[in-house]
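Participant: Next up is a structure, given as structure tokens.
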Amino acid sequence: MNSPVCVFVGEELARYGFGHGHPFGSDRMQAFWDEALRRGLDKRVRICAPALATQQQIELFHGHDYVERVKFQSQTGEGFLDYGDTPAFPGVYQAAAYVVGTSLAALERVLSGECRRAFVPIAGLHHARRDAAAGFCVFNDCGVVIESLRAVHGVRRVAYVDIDAHHGDGVFYGFEDDPELFCADLHEDGRYLYPGSGAAHERGRGAAAGSKLNIPMRPGADDRDFRAAWPRVESFLRAARPEFIILQCGADSLTGDPITHLQYSAESHRYATTRLCAIAEQYCNGRLLALGGGGYNRANLAAAWTAVLEALLD
Ligand SMILES: [Zn+2]
């Protein structure tokens, strides 16, 4: 089917989830896809299968020793991969490698012109650091996609826009001194929410000063607050003139998420996506990749991500 939008769904992606009542459960992908089917979106998009990343691809962003450690703990399935948020489970290496591989496959489809925009629901694992897991994130597919844009595809000026309730610290600090990674991140103020970073004065280091925009939102901030803050993102992006846009559209910024305190509706996600598509048309030949990110209330992630998908299709 000829659609401008590719969506990646499949059992291999759903495997990325932690059991025993962990908020990042493996039922999240299906919660999204059920709602997409209910809205008939499956008939309007091109459905694509997940792909597995090679270790070499994962190491475009991550350190070799860290990747080897995940491999080892994937066999035992024991302990935590970080300080206690991200438990290991048997097969966690492969599950995380599928997330990375699928984001890379989505990138390929967009760059090859097979589609104009793409969405991967179980992706956008923005907390993982180059040498560590963090906050439910084992491998940072956003970071790997950015490194791949540079190393493999020669695309230098990349915009990363993050509307997840949490600050995208793995991406922010991973590229803090990179003047061509333009990072705009609206998140709940770090004084009230994990990971605690992303203050407004953090604008990038050295030659990269000014290439990052952090907008901390007060707990309880709603769609009106989001709309009021958004024009700063647009002026920042227009000044940056990126060649490619990545959107991390975490759904944990909606009212009723069990672990955060923002109060957007899915309309903020729809609005941000629509506006970013327009900027992508203007500067990036339309090229935009949306990654699902967080979201622990199943109805919320279904509403937010299908709103994103509808906006990508319009
Ligand atoms: Zn989050």
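Quick note on naming: the chains in the structure tokens go A, B, ... in the order shown, residues restart at 1 in each chain, and ligands are numbered from 1 in order of appearance.
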Please give me, as number ranges by chain, the residues lying within 10 Å of ligand 1 when counting only C-alpha atoms and all ligand atoms.
Facilitator: A: 124-127, 135-136, 162-168, 187-188, 193-195, 248-253, 257, 259-260, 292-296
Participant: Range 116-177 of chain A: which residues are alpha helix (DSSP H) by DSSP, as a list of chain:residue names?
Facilitator: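 Listing alpha helix (DSSP H) positions across range 116-177 of chain A yields A:Asp141, A:Cys142, A:Gly143, A:Val144, A:Val145, A:Ile146, A:Glu147, A:Ser148, A:Leu149, A:Arg150, A:Ala151, A:Asp169, A:Gly170, A:Val171, A:Phe172, A:Tyr173, A:Gly174.
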Participant: Show me, as a list of chain:residue names, the residues that have an atom within 8 Å of Leu312 in chain A when counting only C-alpha atoms, minus same-chain residues fewer than 4 positions from it.
Facilitator: A:Val5, A:Arg117, A:Thr273, A:Thr274, A:Cys277, A:Val308
Participant: Quick one: residues within 8 Å of range 231-240 of chain A, only C-alpha atoms, excluding same-chain residues fewer than 5 positions away - as a PyMOL selection string?
Facilitator: chain A and resi 157+159+182+184+211+213+279
Participant: Would you save the residues from that selection as a PDB file, in the first residue's frame, using N, CA, C and O atoms?
Facilitator:
ATOM      1  N   ARG A 157      23.047  17.817  10.697  1.00  0.00           N
ATOM      2  CA  ARG A 157      22.209  18.698  11.533  1.00  0.00           C
ATOM      3  C   ARG A 157      20.898  17.985  11.868  1.00  0.00           C
ATOM      4  O   ARG A 157      20.013  17.859  11.035  1.00  0.00           O
ATOM      5  N   ALA A 159      17.627  17.455  14.577  1.00  0.00           N
ATOM      6  CA  ALA A 159      16.827  17.977  15.682  1.00  0.00           C
ATOM      7  C   ALA A 159      16.204  16.824  16.440  1.00  0.00           C
ATOM      8  O   ALA A 159      15.643  15.901  15.838  1.00  0.00           O
ATOM      9  N   PHE A 182      20.537  19.378  17.805  1.00  0.00           N
ATOM     10  CA  PHE A 182      19.672  20.407  18.363  1.00  0.00           C
ATOM     11  C   PHE A 182      18.578  19.720  19.170  1.00  0.00           C
ATOM     12  O   PHE A 182      17.698  19.059  18.612  1.00  0.00           O
ATOM     13  N   ALA A 184      15.533  19.873  21.822  1.00  0.00           N
ATOM     14  CA  ALA A 184      14.500  20.675  22.485  1.00  0.00           C
ATOM     15  C   ALA A 184      13.671  19.743  23.349  1.00  0.00           C
ATOM     16  O   ALA A 184      13.089  18.786  22.844  1.00  0.00           O
ATOM     17  N   SER A 211      22.900  25.008  21.594  1.00  0.00           N
ATOM     18  CA  SER A 211      22.301  24.011  20.701  1.00  0.00           C
ATOM     19  C   SER A 211      21.281  23.130  21.427  1.00  0.00           C
ATOM     20  O   SER A 211      20.747  22.189  20.839  1.00  0.00           O
ATOM     21  N   LEU A 213      17.792  23.173  24.135  1.00  0.00           N
ATOM     22  CA  LEU A 213      16.736  23.965  24.758  1.00  0.00           C
ATOM     23  C   LEU A 213      15.971  23.091  25.745  1.00  0.00           C
ATOM     24  O   LEU A 213      15.317  22.120  25.347  1.00  0.00           O
ATOM     25  N   ILE A 279       7.486  21.836   9.971  1.00  0.00           N
ATOM     26  CA  ILE A 279       8.897  22.252   9.982  1.00  0.00           C
ATOM     27  C   ILE A 279       9.739  21.264   9.175  1.00  0.00           C
ATOM     28  O   ILE A 279      10.642  21.662   8.427  1.00  0.00           O
TER      29      ILE A 279
END
Participant: Which residues come within 9 Å of range 13-29 of chain A, counting only C-alpha atoms, excluding same-chain residues fewer than 2 positions away, as a PyMOL selection string?
Facilitator: chain A and resi 8-11+31-34+50-51+86-89+91-92+94-96+98-99+102+121-123+136+258-259+294-298+301-302
Participant: Write out as a VMD selection string which residues come within 12 Å of range 61-68 of chain A when counting only C-alpha atoms, dropping same-chain ones fewer than 4 positions away.
Facilitator: chain A and resid 54 to 57 72 to 75 81 to 82 92 to 94 96 to 97 100 128 to 133 138 to 151 170 to 171 174 to 175
Participant: Could you take the residues named above and write them with N, CA and C atoms, as a compact mmCIF listing (two decimals), in the first residue's frame?
Facilitator:
# COMPACT_ATOMS: atom_id res chain seq x y z
N THR A 54 22.52 -5.10 14.90
CA THR A 54 23.76 -5.81 15.17
C THR A 54 24.45 -5.13 16.36
N GLN A 55 25.38 -5.86 16.97
CA GLN A 55 26.13 -5.28 18.09
C GLN A 55 26.90 -4.04 17.62
N GLN A 56 27.41 -4.12 16.40
CA GLN A 56 28.16 -2.99 15.83
C GLN A 56 27.27 -1.74 15.75
N GLN A 57 26.02 -1.94 15.35
CA GLN A 57 25.09 -0.79 15.28
C GLN A 57 24.82 -0.23 16.67
N PHE A 72 25.72 -10.46 28.92
CA PHE A 72 25.95 -11.43 29.99
C PHE A 72 24.73 -11.54 30.89
N GLN A 73 24.18 -10.40 31.30
CA GLN A 73 23.02 -10.44 32.21
C GLN A 73 21.77 -10.93 31.51
N SER A 74 21.78 -10.88 30.18
CA SER A 74 20.67 -11.39 29.40
C SER A 74 20.60 -12.91 29.48
N GLN A 75 21.77 -13.53 29.69
CA GLN A 75 21.81 -14.99 29.81
C GLN A 75 21.34 -15.43 31.19
N LEU A 81 20.04 -3.85 35.67
CA LEU A 81 21.00 -3.30 34.72
C LEU A 81 21.42 -1.90 35.15
N ASP A 82 20.69 -1.31 36.11
CA ASP A 82 21.07 -0.01 36.66
C ASP A 82 20.96 -0.08 38.18
N VAL A 92 16.91 -10.11 27.54
CA VAL A 92 16.79 -8.64 27.52
C VAL A 92 17.70 -8.02 26.45
N TYR A 93 18.85 -8.65 26.19
CA TYR A 93 19.74 -8.11 25.15
C TYR A 93 19.03 -8.09 23.79
N GLN A 94 18.44 -9.24 23.44
CA GLN A 94 17.79 -9.32 22.13
C GLN A 94 16.57 -8.40 22.04
N ALA A 96 16.10 -5.60 23.62
CA ALA A 96 16.56 -4.20 23.48
C ALA A 96 17.18 -3.97 22.10
N ALA A 97 17.85 -5.03 21.56
CA ALA A 97 18.45 -4.91 20.23
C ALA A 97 17.37 -4.80 19.15
N VAL A 100 16.34 -1.08 19.05
CA VAL A 100 17.33 -0.31 18.30
C VAL A 100 17.21 -0.60 16.80
N ALA A 128 18.85 5.82 28.60
CA ALA A 128 20.08 5.01 28.61
C ALA A 128 21.27 5.89 28.24
N ARG A 129 22.33 5.76 29.04
CA ARG A 129 23.57 6.49 28.78
C ARG A 129 24.48 5.64 27.89
N ARG A 130 25.54 6.27 27.41
CA ARG A 130 26.46 5.52 26.54
C ARG A 130 27.01 4.28 27.25
N ASP A 131 27.18 4.37 28.58
CA ASP A 131 27.78 3.27 29.33
C ASP A 131 26.89 2.71 30.43
N ALA A 132 25.60 2.97 30.36
CA ALA A 132 24.73 2.48 31.44
C ALA A 132 23.27 2.47 31.05
N ALA A 133 22.54 1.52 31.64
CA ALA A 133 21.08 1.52 31.54
C ALA A 133 20.55 2.52 32.56
N VAL A 138 17.38 0.24 28.28
CA VAL A 138 18.61 -0.55 28.21
C VAL A 138 19.53 0.03 27.13
N PHE A 139 19.05 0.09 25.88
CA PHE A 139 19.83 0.72 24.82
C PHE A 139 19.07 1.95 24.33
N ASN A 140 19.80 3.02 24.10
CA ASN A 140 19.21 4.28 23.69
C ASN A 140 19.09 4.33 22.16
N ASP A 141 17.93 3.89 21.67
CA ASP A 141 17.76 3.85 20.21
C ASP A 141 17.82 5.25 19.60
N CYS A 142 17.40 6.27 20.36
CA CYS A 142 17.49 7.65 19.84
C CYS A 142 18.96 7.98 19.57
N GLY A 143 19.82 7.67 20.53
CA GLY A 143 21.25 7.94 20.38
C GLY A 143 21.85 7.19 19.20
N VAL A 144 21.45 5.91 19.05
CA VAL A 144 21.97 5.11 17.93
C VAL A 144 21.50 5.70 16.60
N VAL A 145 20.25 6.13 16.54
CA VAL A 145 19.72 6.73 15.30
C VAL A 145 20.51 8.00 14.95
N ILE A 146 20.79 8.82 15.95
CA ILE A 146 21.53 10.07 15.71
C ILE A 146 22.94 9.75 15.20
N GLU A 147 23.61 8.81 15.87
CA GLU A 147 24.97 8.43 15.43
C GLU A 147 24.94 7.83 14.03
N SER A 148 23.90 7.06 13.74
CA SER A 148 23.79 6.45 12.42
C SER A 148 23.53 7.50 11.35
N LEU A 149 22.73 8.50 11.67
CA LEU A 149 22.51 9.59 10.72
C LEU A 149 23.84 10.21 10.30
N ARG A 150 24.71 10.41 11.26
CA ARG A 150 26.01 11.00 10.97
C ARG A 150 26.94 10.03 10.27
N ALA A 151 27.19 8.86 10.92
CA ALA A 151 28.23 7.96 10.45
C ALA A 151 27.86 7.24 9.16
N GLY A 170 19.64 10.85 28.63
CA GLY A 170 20.59 10.01 27.90
C GLY A 170 20.97 10.64 26.57
N VAL A 171 20.02 11.28 25.93
CA VAL A 171 20.30 11.97 24.66
C VAL A 171 21.00 13.30 24.96
N GLY A 174 24.47 12.71 26.24
CA GLY A 174 25.22 11.97 25.22
C GLY A 174 25.72 12.88 24.11
N PHE A 175 25.04 14.02 23.92
CA PHE A 175 25.40 14.94 22.83
C PHE A 175 25.55 16.37 23.35
